[in-house]
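Peer 1: Just passing along the structure, written as structure tokens.
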Amino acid sequence: MTTSIRTRTLGFNTRVSWTDSAGPAAGLRDGIALYRAAEELGYQAGWAYQRHFDHYLSSPLPFFAAVGQHTSRIRLGSAVLPMRYQDPILLAEAAGTTDLLVDGRLDLALATGSTALWDPVFGPVADDPRTEARRRLARFVAAVAGEALHTVDGEGQGAPIGTEVRVTPHSPGLRSRLRRGAASLDSAVDAARLGLGLITGTVLHDLEPGETFPEYQARIIEAYRTTWRATHDSEPPPVAVAASILPGTTPELRETYAAYDLQRRTEGMAASRPEGALTPVIGAAPRGGVVISPVHHGDPDRVAAAVATDPGLAAADEIVLFLPPAFALPANTRLITDLARHVAPALGWSPA
């Protein structure tokens with residue numbers, strides 16, 4: 001099958017989850033094994049989702065530092081870090097350290113969206129959460145870029161007067177690998193204005209009436225690129241899009257993936273949770289509501305055709321396979337293998 005899809009890079013997105021019976025150590029080790037398997041298959045990127053206080057990865061940077069010792073090529077991406085709950089300077093220090101340890105393979109996707117879910121734990125903020133998240137994002141970007149964050153102007157500040165204080169260790173290339181996780185057109189436009197890369201995924205909001213998820217995703221990507229070209233004297237960086245792409249190479253797999261599709265359509269973001277995970281409680285929806293991406297499943301030829309005609313995926317430079325959160329290592333390994341061998345080559349992708 002020959003298509004006009006523009007995919008150059010293939011990635012995956014994992015929750016690095018675990019069950020009560022196996023425990024978190026096993027889940028973390030399985031996460032490392034998944035990255036190793038993906039690198040052997042030629043995947044260019046692996047993204048890990050952050051979720052606090054549950055059966056998922058809560059601190060991606062030390063995990064990436066560990067993965068980096070077991071891999072040599074695959075990029076290691078966070079998708080996404082909500083800045084409302086980050087200390088920007090401490091995060092910049094950890095990010096610089098991690099990026100140096102993994103030889104410049106770290107990609108960081110950041111978000112400014114917020115809910116009140118964990119405010120009682122992390123503490124209140126003076127402004128509204130989104131304003132605070134944007135302030136912390138700007139501070140973090142400046143710190144990663146190596147900008148002076150303070151000039152010593154008095155005694156007792158730990159350095160001679162006039163010293164410019166910067167985050168160390170500094171990883172020079174990391175600033176160019178910062179992205180904004182965008183679930184709406186406004187966020188994507190803002191990312192372009194800030195000079196950040198873009199990753200958009202399986203949940204979007206603020207669609208126009210009658211607009212489909214793929215149509216809106218394509219419109220988001222186009223708005224991002226248009227804004228970037230109008231704001232910067234350069235071409236926009238590659239855009240990554242996370243998607244549910246489940247090629248079933250056996251009748252049993254096709255049945256499993258169809259069941260997941262039904263569960264996701266009926267349960268939404270509460271679908272596919274590992275044993276013992278919390279049941280998500282969704283707060284008030286943003287303006288325009290929340291829409292979840294379609295699940296492309298079936299035999300490999302059918303899946304390849306569906307992906308090729310999805311305008312959001314066709315507009316992307318990097319397709320990121322969203323792995324069902326409850327899938328264990330064997331199921332995830334089978335899924336990334338089948339995508340790489342039976343679908344991605346038909347979309348113009350070549351393994352690294």
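If you're wondering about the labels, chains in the structure tokens are A, B, ... by order shown, residues count from 1 in each chain, ligands from 1 in order shown.
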From a DSSP calculation on the backbone, collect every residue of range 69-255 of chain A in alpha helix (DSSP H) and output the set as a PyMOL selection string.
Peer 2: chain A and resi 88-101+119-122+129-144+185-194+213-231+251-255
Peer 1: I'd like the contact shell of Ala111 in chain A - 12 Å cut-off, only C-alpha atoms, skipping same-chain residues fewer than 5 positions apart - returned as a PyMOL selection string.
Peer 2: chain A and resi 49-50+78-86+129-138+140+178-184+187-188+190-191+196-200
Peer 1: Go ahead and save the picked residues with C-alpha atoms, as a PDB file, in the first residue's frame.
Peer 2:
```pdb
ATOM      1  CA  TYR A  49       3.081   9.356  30.784  1.00  0.00           C
ATOM      2  CA  GLN A  50       3.207  10.873  34.268  1.00  0.00           C
ATOM      3  CA  SER A  78       7.811  12.759  28.855  1.00  0.00           C
ATOM      4  CA  ALA A  79       4.171  13.068  27.853  1.00  0.00           C
ATOM      5  CA  VAL A  80       3.308  15.215  29.639  1.00  0.00           C
ATOM      6  CA  LEU A  81       4.588  16.997  32.772  1.00  0.00           C
ATOM      7  CA  PRO A  82       1.906  19.337  34.206  1.00  0.00           C
ATOM      8  CA  MET A  83       3.821  22.462  35.234  1.00  0.00           C
ATOM      9  CA  ARG A  84       1.249  23.350  37.895  1.00  0.00           C
ATOM     10  CA  TYR A  85       2.785  20.595  40.041  1.00  0.00           C
ATOM     11  CA  GLN A  86       6.486  21.182  39.250  1.00  0.00           C
ATOM     12  CA  PRO A 129      -3.792  27.227  38.493  1.00  0.00           C
ATOM     13  CA  ARG A 130      -3.371  27.828  34.755  1.00  0.00           C
ATOM     14  CA  THR A 131      -1.757  31.233  35.280  1.00  0.00           C
ATOM     15  CA  GLU A 132       0.598  29.695  37.828  1.00  0.00           C
ATOM     16  CA  ALA A 133       1.400  26.827  35.455  1.00  0.00           C
ATOM     17  CA  ARG A 134       2.280  29.295  32.678  1.00  0.00           C
ATOM     18  CA  ARG A 135       4.534  31.236  35.065  1.00  0.00           C
ATOM     19  CA  ARG A 136       6.341  28.055  36.063  1.00  0.00           C
ATOM     20  CA  LEU A 137       6.654  26.995  32.419  1.00  0.00           C
ATOM     21  CA  ALA A 138       8.325  30.295  31.490  1.00  0.00           C
ATOM     22  CA  PHE A 140      11.568  26.418  33.529  1.00  0.00           C
ATOM     23  CA  LEU A 178      11.121  21.043  24.814  1.00  0.00           C
ATOM     24  CA  ARG A 179       7.554  20.542  23.621  1.00  0.00           C
ATOM     25  CA  ARG A 180       4.126  21.643  24.650  1.00  0.00           C
ATOM     26  CA  GLY A 181       1.450  19.014  25.086  1.00  0.00           C
ATOM     27  CA  ALA A 182      -1.610  20.591  23.470  1.00  0.00           C
ATOM     28  CA  ALA A 183      -5.217  19.450  23.703  1.00  0.00           C
ATOM     29  CA  SER A 184      -6.646  22.507  21.961  1.00  0.00           C
ATOM     30  CA  SER A 187      -2.522  25.718  23.377  1.00  0.00           C
ATOM     31  CA  ALA A 188      -0.872  24.780  20.087  1.00  0.00           C
ATOM     32  CA  ASP A 190       0.721  29.385  22.300  1.00  0.00           C
ATOM     33  CA  ALA A 191       3.379  26.669  21.951  1.00  0.00           C
ATOM     34  CA  LEU A 196       8.248  25.076  21.845  1.00  0.00           C
ATOM     35  CA  GLY A 197       7.727  21.866  19.897  1.00  0.00           C
ATOM     36  CA  LEU A 198       4.295  20.257  19.774  1.00  0.00           C
ATOM     37  CA  ILE A 199       2.840  16.916  20.775  1.00  0.00           C
ATOM     38  CA  THR A 200      -0.892  16.352  20.658  1.00  0.00           C
TER      39      THR A 200
END
```
Peer 1: List as a compact mmCIF listing (two decimals) with N, CA, C and O atoms, in the first residue's frame the protein and nucleic acid residues near Asn332 in chain A, meaning an atom at most 12 Å away when only C-alpha atoms are counted, but skip any in the same chain fewer than 6 places from it.
Peer 2:
```txt
# COMPACT_ATOMS: atom_id res chain seq x y z
N PHE A 12 6.20 5.34 20.76
CA PHE A 12 5.11 4.74 21.53
C PHE A 12 4.95 5.54 22.82
O PHE A 12 5.86 6.27 23.24
N ASN A 13 3.80 5.40 23.45
CA ASN A 13 3.50 6.09 24.71
C ASN A 13 3.03 5.06 25.72
O ASN A 13 2.03 4.37 25.50
N THR A 14 3.76 4.92 26.82
CA THR A 14 3.44 3.94 27.85
C THR A 14 3.14 4.62 29.18
O THR A 14 3.71 5.68 29.48
N ARG A 15 2.27 4.02 29.96
CA ARG A 15 2.00 4.51 31.31
C ARG A 15 3.02 3.97 32.32
O ARG A 15 3.04 4.42 33.44
N VAL A 16 3.82 2.96 31.94
CA VAL A 16 4.69 2.25 32.88
C VAL A 16 3.85 1.89 34.12
O VAL A 16 4.07 2.39 35.23
N SER A 17 2.89 1.03 33.92
CA SER A 17 1.94 0.69 34.98
C SER A 17 2.34 -0.61 35.67
O SER A 17 3.23 -1.33 35.23
N ASP A 30 9.68 -3.79 33.76
CA ASP A 30 9.00 -4.07 32.49
C ASP A 30 9.05 -2.84 31.57
O ASP A 30 9.15 -2.98 30.35
N GLY A 31 8.96 -1.65 32.16
CA GLY A 31 9.06 -0.44 31.36
C GLY A 31 10.39 -0.33 30.67
O GLY A 31 10.47 0.01 29.47
N ALA A 33 12.34 -2.84 29.88
CA ALA A 33 12.36 -3.90 28.87
C ALA A 33 11.60 -3.49 27.62
O ALA A 33 12.00 -3.83 26.49
N LEU A 34 10.51 -2.74 27.78
CA LEU A 34 9.74 -2.29 26.63
C LEU A 34 10.55 -1.32 25.78
O LEU A 34 10.55 -1.41 24.55
N TYR A 35 11.27 -0.41 26.41
CA TYR A 35 12.13 0.51 25.66
C TYR A 35 13.22 -0.25 24.91
O TYR A 35 13.55 0.09 23.76
N ALA A 37 13.07 -3.32 23.80
CA ALA A 37 12.45 -4.01 22.66
C ALA A 37 12.14 -3.04 21.54
O ALA A 37 12.34 -3.36 20.35
N ALA A 38 11.64 -1.85 21.88
CA ALA A 38 11.31 -0.85 20.86
C ALA A 38 12.56 -0.39 20.12
O ALA A 38 12.53 -0.20 18.89
N LEU A 246 -4.07 -0.27 16.58
CA LEU A 246 -3.97 -1.63 17.08
C LEU A 246 -4.17 -2.64 15.96
O LEU A 246 -5.28 -3.12 15.70
N LEU A 253 -6.23 -11.48 18.67
CA LEU A 253 -5.81 -10.10 18.88
C LEU A 253 -6.87 -9.13 18.38
O LEU A 253 -7.15 -8.12 19.03
N LEU A 321 2.41 5.54 19.16
CA LEU A 321 1.42 4.52 19.49
C LEU A 321 1.04 4.62 20.97
O LEU A 321 1.88 4.42 21.85
N PHE A 322 -0.22 4.91 21.24
CA PHE A 322 -0.73 4.95 22.61
C PHE A 322 -1.06 3.53 23.05
O PHE A 322 -1.96 2.89 22.52
N LEU A 323 -0.30 3.03 24.01
CA LEU A 323 -0.49 1.66 24.48
C LEU A 323 -1.59 1.62 25.54
O LEU A 323 -1.57 2.42 26.49
N PRO A 324 -2.56 0.71 25.43
CA PRO A 324 -3.60 0.61 26.45
C PRO A 324 -2.98 0.44 27.84
O PRO A 324 -2.12 -0.43 28.04
N PRO A 325 -3.39 1.26 28.82
CA PRO A 325 -2.71 1.26 30.12
C PRO A 325 -2.68 -0.08 30.84
O PRO A 325 -1.73 -0.36 31.59
N ALA A 326 -3.70 -0.91 30.65
CA ALA A 326 -3.75 -2.18 31.37
C ALA A 326 -2.95 -3.30 30.69
O ALA A 326 -2.82 -4.38 31.25
N ASP A 338 4.01 -5.69 15.99
CA ASP A 338 3.10 -5.78 14.85
C ASP A 338 2.95 -4.44 14.13
O ASP A 338 2.85 -4.40 12.90
N LEU A 339 2.95 -3.34 14.89
CA LEU A 339 2.85 -2.03 14.25
C LEU A 339 4.09 -1.77 13.40
O LEU A 339 3.98 -1.33 12.24
```
Peer 1: Can you list, as a PDB file with N, CA, C and O atoms, in the first residue's frame, all residues belonging to range 79-311 of chain A that DSSP tags as strand (DSSP E)?
Peer 2:
```pdb
ATOM      1  N   ALA A  79       5.433  12.645  28.478  1.00  0.00           N
ATOM      2  CA  ALA A  79       4.171  13.068  27.853  1.00  0.00           C
ATOM      3  C   ALA A  79       3.018  12.878  28.845  1.00  0.00           C
ATOM      4  O   ALA A  79       2.471  11.795  28.931  1.00  0.00           O
ATOM      5  N   VAL A  80       2.672  13.900  29.536  1.00  0.00           N
ATOM      6  CA  VAL A  80       3.308  15.215  29.639  1.00  0.00           C
ATOM      7  C   VAL A  80       3.531  15.518  31.115  1.00  0.00           C
ATOM      8  O   VAL A  80       2.968  14.844  31.986  1.00  0.00           O
ATOM      9  N   LEU A  81       4.360  16.559  31.401  1.00  0.00           N
ATOM     10  CA  LEU A  81       4.588  16.997  32.772  1.00  0.00           C
ATOM     11  C   LEU A  81       3.741  18.232  33.035  1.00  0.00           C
ATOM     12  O   LEU A  81       3.986  19.292  32.442  1.00  0.00           O
ATOM     13  N   PRO A  82       2.728  18.158  33.895  1.00  0.00           N
ATOM     14  CA  PRO A  82       1.906  19.337  34.206  1.00  0.00           C
ATOM     15  C   PRO A  82       2.708  20.319  35.060  1.00  0.00           C
ATOM     16  O   PRO A  82       3.094  20.013  36.186  1.00  0.00           O
ATOM     17  N   LEU A 106      16.887  13.188  25.667  1.00  0.00           N
ATOM     18  CA  LEU A 106      15.689  13.524  26.425  1.00  0.00           C
ATOM     19  C   LEU A 106      14.815  14.513  25.662  1.00  0.00           C
ATOM     20  O   LEU A 106      15.294  15.540  25.170  1.00  0.00           O
ATOM     21  N   ASP A 107      13.532  14.196  25.537  1.00  0.00           N
ATOM     22  CA  ASP A 107      12.514  15.117  25.029  1.00  0.00           C
ATOM     23  C   ASP A 107      11.528  15.362  26.164  1.00  0.00           C
ATOM     24  O   ASP A 107      11.037  14.400  26.769  1.00  0.00           O
ATOM     25  N   LEU A 108      11.218  16.628  26.436  1.00  0.00           N
ATOM     26  CA  LEU A 108      10.279  16.926  27.507  1.00  0.00           C
ATOM     27  C   LEU A 108       9.039  17.602  26.942  1.00  0.00           C
ATOM     28  O   LEU A 108       9.128  18.666  26.325  1.00  0.00           O
ATOM     29  N   ALA A 109       7.891  16.973  27.135  1.00  0.00           N
ATOM     30  CA  ALA A 109       6.617  17.588  26.796  1.00  0.00           C
ATOM     31  C   ALA A 109       5.988  18.110  28.085  1.00  0.00           C
ATOM     32  O   ALA A 109       5.891  17.388  29.077  1.00  0.00           O
ATOM     33  N   LEU A 110       5.557  19.364  28.048  1.00  0.00           N
ATOM     34  CA  LEU A 110       5.071  20.065  29.232  1.00  0.00           C
ATOM     35  C   LEU A 110       3.661  20.555  28.978  1.00  0.00           C
ATOM     36  O   LEU A 110       3.255  20.774  27.841  1.00  0.00           O
ATOM     37  N   ALA A 111       2.910  20.728  30.052  1.00  0.00           N
ATOM     38  CA  ALA A 111       1.524  21.159  29.910  1.00  0.00           C
ATOM     39  C   ALA A 111       1.208  22.220  30.952  1.00  0.00           C
ATOM     40  O   ALA A 111       1.792  22.234  32.038  1.00  0.00           O
ATOM     41  N   HIS A 150      19.280  34.906  38.448  1.00  0.00           N
ATOM     42  CA  HIS A 150      19.452  35.867  39.536  1.00  0.00           C
ATOM     43  C   HIS A 150      20.879  36.374  39.503  1.00  0.00           C
ATOM     44  O   HIS A 150      21.801  35.631  39.134  1.00  0.00           O
ATOM     45  N   THR A 151      21.068  37.626  39.831  1.00  0.00           N
ATOM     46  CA  THR A 151      22.402  38.191  40.000  1.00  0.00           C
ATOM     47  C   THR A 151      22.606  38.521  41.470  1.00  0.00           C
ATOM     48  O   THR A 151      21.793  39.248  42.065  1.00  0.00           O
ATOM     49  N   GLU A 164      26.234  35.806  38.318  1.00  0.00           N
ATOM     50  CA  GLU A 164      24.971  35.420  37.686  1.00  0.00           C
ATOM     51  C   GLU A 164      24.712  33.945  37.980  1.00  0.00           C
ATOM     52  O   GLU A 164      25.562  33.093  37.709  1.00  0.00           O
ATOM     53  N   VAL A 165      23.556  33.672  38.538  1.00  0.00           N
ATOM     54  CA  VAL A 165      23.208  32.323  38.957  1.00  0.00           C
ATOM     55  C   VAL A 165      22.433  31.630  37.838  1.00  0.00           C
ATOM     56  O   VAL A 165      21.399  32.138  37.374  1.00  0.00           O
ATOM     57  N   LEU A 178      12.286  20.824  23.963  1.00  0.00           N
ATOM     58  CA  LEU A 178      11.121  21.043  24.814  1.00  0.00           C
ATOM     59  C   LEU A 178       9.878  21.143  23.940  1.00  0.00           C
ATOM     60  O   LEU A 178       9.896  21.809  22.898  1.00  0.00           O
ATOM     61  N   ARG A 179       8.815  20.503  24.368  1.00  0.00           N
ATOM     62  CA  ARG A 179       7.554  20.542  23.621  1.00  0.00           C
ATOM     63  C   ARG A 179       6.412  20.931  24.541  1.00  0.00           C
ATOM     64  O   ARG A 179       6.502  20.820  25.758  1.00  0.00           O
ATOM     65  N   ARG A 180       5.358  21.356  23.929  1.00  0.00           N
ATOM     66  CA  ARG A 180       4.126  21.643  24.650  1.00  0.00           C
ATOM     67  C   ARG A 180       3.119  20.542  24.303  1.00  0.00           C
ATOM     68  O   ARG A 180       2.901  20.229  23.137  1.00  0.00           O
ATOM     69  N   GLY A 181       2.545  19.938  25.322  1.00  0.00           N
ATOM     70  CA  GLY A 181       1.450  19.014  25.086  1.00  0.00           C
ATOM     71  C   GLY A 181       0.171  19.809  24.933  1.00  0.00           C
ATOM     72  O   GLY A 181      -0.235  20.535  25.849  1.00  0.00           O
ATOM     73  N   ALA A 182      -0.458  19.740  23.776  1.00  0.00           N
ATOM     74  CA  ALA A 182      -1.610  20.591  23.470  1.00  0.00           C
ATOM     75  C   ALA A 182      -2.850  19.762  23.218  1.00  0.00           C
ATOM     76  O   ALA A 182      -2.828  18.836  22.405  1.00  0.00           O
ATOM     77  N   GLY A 197       8.256  22.901  20.774  1.00  0.00           N
ATOM     78  CA  GLY A 197       7.727  21.866  19.897  1.00  0.00           C
ATOM     79  C   GLY A 197       6.312  21.497  20.306  1.00  0.00           C
ATOM     80  O   GLY A 197       5.779  21.982  21.318  1.00  0.00           O
ATOM     81  N   LEU A 198       5.695  20.616  19.540  1.00  0.00           N
ATOM     82  CA  LEU A 198       4.295  20.257  19.774  1.00  0.00           C
ATOM     83  C   LEU A 198       4.112  18.751  19.788  1.00  0.00           C
ATOM     84  O   LEU A 198       4.640  18.040  18.931  1.00  0.00           O
ATOM     85  N   ILE A 199       3.372  18.273  20.783  1.00  0.00           N
ATOM     86  CA  ILE A 199       2.840  16.916  20.775  1.00  0.00           C
ATOM     87  C   ILE A 199       1.375  17.018  21.144  1.00  0.00           C
ATOM     88  O   ILE A 199       0.998  17.734  22.076  1.00  0.00           O
ATOM     89  N   THR A 200       0.530  16.370  20.371  1.00  0.00           N
ATOM     90  CA  THR A 200      -0.892  16.352  20.658  1.00  0.00           C
ATOM     91  C   THR A 200      -1.349  14.902  20.666  1.00  0.00           C
ATOM     92  O   THR A 200      -0.733  14.060  20.016  1.00  0.00           O
ATOM     93  N   VAL A 203      -6.739  13.015  23.544  1.00  0.00           N
ATOM     94  CA  VAL A 203      -7.828  13.771  24.166  1.00  0.00           C
ATOM     95  C   VAL A 203      -7.724  15.219  23.707  1.00  0.00           C
ATOM     96  O   VAL A 203      -6.673  15.852  23.854  1.00  0.00           O
ATOM     97  N   LEU A 204      -8.791  15.745  23.130  1.00  0.00           N
ATOM     98  CA  LEU A 204      -8.835  17.131  22.675  1.00  0.00           C
ATOM     99  C   LEU A 204     -10.117  17.799  23.173  1.00  0.00           C
ATOM    100  O   LEU A 204     -11.084  17.125  23.509  1.00  0.00           O
ATOM    101  N   HIS A 205     -10.089  19.137  23.209  1.00  0.00           N
ATOM    102  CA  HIS A 205     -11.305  19.866  23.556  1.00  0.00           C
ATOM    103  C   HIS A 205     -11.394  21.151  22.733  1.00  0.00           C
ATOM    104  O   HIS A 205     -10.444  21.549  22.067  1.00  0.00           O
ATOM    105  N   VAL A 239       6.203  17.599  14.469  1.00  0.00           N
ATOM    106  CA  VAL A 239       5.027  17.477  15.326  1.00  0.00           C
ATOM    107  C   VAL A 239       4.755  15.999  15.587  1.00  0.00           C
ATOM    108  O   VAL A 239       4.729  15.187  14.655  1.00  0.00           O
ATOM    109  N   ALA A 240       4.550  15.662  16.859  1.00  0.00           N
ATOM    110  CA  ALA A 240       4.222  14.287  17.246  1.00  0.00           C
ATOM    111  C   ALA A 240       2.753  14.187  17.601  1.00  0.00           C
ATOM    112  O   ALA A 240       2.181  15.090  18.223  1.00  0.00           O
ATOM    113  N   VAL A 241       2.135  13.079  17.224  1.00  0.00           N
ATOM    114  CA  VAL A 241       0.722  12.833  17.508  1.00  0.00           C
ATOM    115  C   VAL A 241       0.573  11.434  18.088  1.00  0.00           C
ATOM    116  O   VAL A 241       0.991  10.454  17.468  1.00  0.00           O
ATOM    117  N   ALA A 242      -0.002  11.350  19.278  1.00  0.00           N
ATOM    118  CA  ALA A 242      -0.289  10.042  19.886  1.00  0.00           C
ATOM    119  C   ALA A 242      -1.620   9.526  19.370  1.00  0.00           C
ATOM    120  O   ALA A 242      -2.578  10.288  19.198  1.00  0.00           O
ATOM    121  N   ALA A 243      -1.690   8.227  19.109  1.00  0.00           N
ATOM    122  CA  ALA A 243      -2.895   7.646  18.528  1.00  0.00           C
ATOM    123  C   ALA A 243      -3.030   6.190  18.942  1.00  0.00           C
ATOM    124  O   ALA A 243      -2.043   5.506  19.217  1.00  0.00           O
ATOM    125  N   SER A 244      -4.275   5.719  18.981  1.00  0.00           N
ATOM    126  CA  SER A 244      -4.562   4.310  19.265  1.00  0.00           C
ATOM    127  C   SER A 244      -4.582   3.550  17.944  1.00  0.00           C
ATOM    128  O   SER A 244      -5.535   3.670  17.178  1.00  0.00           O
ATOM    129  N   ILE A 245      -3.531   2.795  17.671  1.00  0.00           N
ATOM    130  CA  ILE A 245      -3.389   2.056  16.416  1.00  0.00           C
ATOM    131  C   ILE A 245      -3.093   0.610  16.781  1.00  0.00           C
ATOM    132  O   ILE A 245      -1.999   0.289  17.235  1.00  0.00           O
ATOM    133  N   LEU A 246      -4.071  -0.268  16.580  1.00  0.00           N
ATOM    134  CA  LEU A 246      -3.974  -1.634  17.085  1.00  0.00           C
ATOM    135  C   LEU A 246      -4.171  -2.642  15.956  1.00  0.00           C
ATOM    136  O   LEU A 246      -5.277  -3.122  15.704  1.00  0.00           O
ATOM    137  N   PRO A 247      -3.084  -2.994  15.256  1.00  0.00           N
ATOM    138  CA  PRO A 247      -3.213  -3.983  14.183  1.00  0.00           C
ATOM    139  C   PRO A 247      -3.297  -5.396  14.758  1.00  0.00           C
ATOM    140  O   PRO A 247      -2.410  -5.843  15.491  1.00  0.00           O
ATOM    141  N   VAL A 290     -14.859  17.521  25.986  1.00  0.00           N
ATOM    142  CA  VAL A 290     -13.684  16.676  25.766  1.00  0.00           C
ATOM    143  C   VAL A 290     -14.054  15.563  24.798  1.00  0.00           C
ATOM    144  O   VAL A 290     -15.110  14.935  24.935  1.00  0.00           O
ATOM    145  N   VAL A 291     -13.195  15.316  23.828  1.00  0.00           N
ATOM    146  CA  VAL A 291     -13.418  14.259  22.837  1.00  0.00           C
ATOM    147  C   VAL A 291     -12.192  13.357  22.810  1.00  0.00           C
ATOM    148  O   VAL A 291     -11.050  13.833  22.860  1.00  0.00           O
ATOM    149  N   ILE A 292     -12.426  12.050  22.745  1.00  0.00           N
ATOM    150  CA  ILE A 292     -11.349  11.072  22.737  1.00  0.00           C
ATOM    151  C   ILE A 292     -11.143  10.558  21.315  1.00  0.00           C
ATOM    152  O   ILE A 292     -12.096  10.385  20.545  1.00  0.00           O
ATOM    153  N   VAL A 295     -10.114   4.653  17.866  1.00  0.00           N
ATOM    154  CA  VAL A 295      -9.183   3.524  17.951  1.00  0.00           C
ATOM    155  C   VAL A 295      -9.166   2.849  16.585  1.00  0.00           C
ATOM    156  O   VAL A 295     -10.189   2.342  16.117  1.00  0.00           O
ATOM    157  N   HIS A 296      -8.026   2.845  15.927  1.00  0.00           N
ATOM    158  CA  HIS A 296      -7.884   2.179  14.634  1.00  0.00           C
ATOM    159  C   HIS A 296      -7.482   0.732  14.893  1.00  0.00           C
ATOM    160  O   HIS A 296      -6.357   0.454  15.330  1.00  0.00           O
ATOM    161  N   HIS A 297      -8.390  -0.198  14.648  1.00  0.00           N
ATOM    162  CA  HIS A 297      -8.103  -1.608  14.913  1.00  0.00           C
ATOM    163  C   HIS A 297      -8.681  -2.474  13.806  1.00  0.00           C
ATOM    164  O   HIS A 297      -9.526  -2.043  13.019  1.00  0.00           O
ATOM    165  N   GLY A 298      -8.203  -3.709  13.754  1.00  0.00           N
ATOM    166  CA  GLY A 298      -8.605  -4.642  12.713  1.00  0.00           C
ATOM    167  C   GLY A 298      -7.370  -5.316  12.150  1.00  0.00           C
ATOM    168  O   GLY A 298      -6.305  -5.308  12.770  1.00  0.00           O
TER     169      GLY A 298
END
```
Peer 1: Between CA of Ala143 in chain A and CA of Val167 in chain A, what is the distance in Å, rounded to a tenth?
Peer 2: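 Spanning CA of Ala143 in chain A to CA of Val167 in chain A is a straight-line distance of 5.9 Å.
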Peer 1: Could you check which of A:Ile32, A:Ala315, A:Ala159, A:Ala258 is closest to Ala218 in chain A, using only C-alpha atoms?
Peer 2: A:Ala315
Peer 1: Tell me which of A:Gly276, A:Gly289, A:Pro330, A:Pro236 sits closest to Phe53 in chain A, counting only C-alpha atoms.
Peer 2: A:Gly276
Peer 1: Extract, using only C-alpha atoms, all DNA, RNA and protein residues at most 9 Å from Ser171 in chain A, discarding same-chain residues fewer than 5 positions from it, and format them as a list in words.
Peer 2: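 My list of contacting residues is Ala95, Gly96, Thr97, Asp99, Leu100, Gly104, Val144, Ala145 and Gly146 of chain A.
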Peer 1: What's the 12 Å shell around Glu235 in chain A, counting only C-alpha atoms, without same-chain residues fewer than 5 positions away, as a list in words?
Peer 2: Ala192, Gly195, Gly197, Tyr224, Arg225, Thr226, Thr227, Trp228, Arg229 and Ala230 of chain A
Peer 1: Between CA of Glu39 in chain A and CA of Gly348 in chain A, what is the distance in Å, rounded to a tenth?
Peer 2: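 The value is 18.4 Å.
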Peer 1: Find the residues near range 43-45 of chain A: any atom within 10 Å, counting only C-alpha atoms, skip ones fewer than 5 places away on the same chain, and give them as a list in words.
Peer 2: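 So the residues in contact are Arg8, Thr9, Leu10, Gly11, Phe12, Asn13, Tyr35, Arg36, Ala37, Ala38, Arg73, Ile74, Arg75, Leu76, Gly77, Arg105, Leu106, Asp107, Glu318, Ile319, Val320, Ile336, Thr337, Ala340, Trp349, Ser350, Pro351 and Ala352 of chain A.
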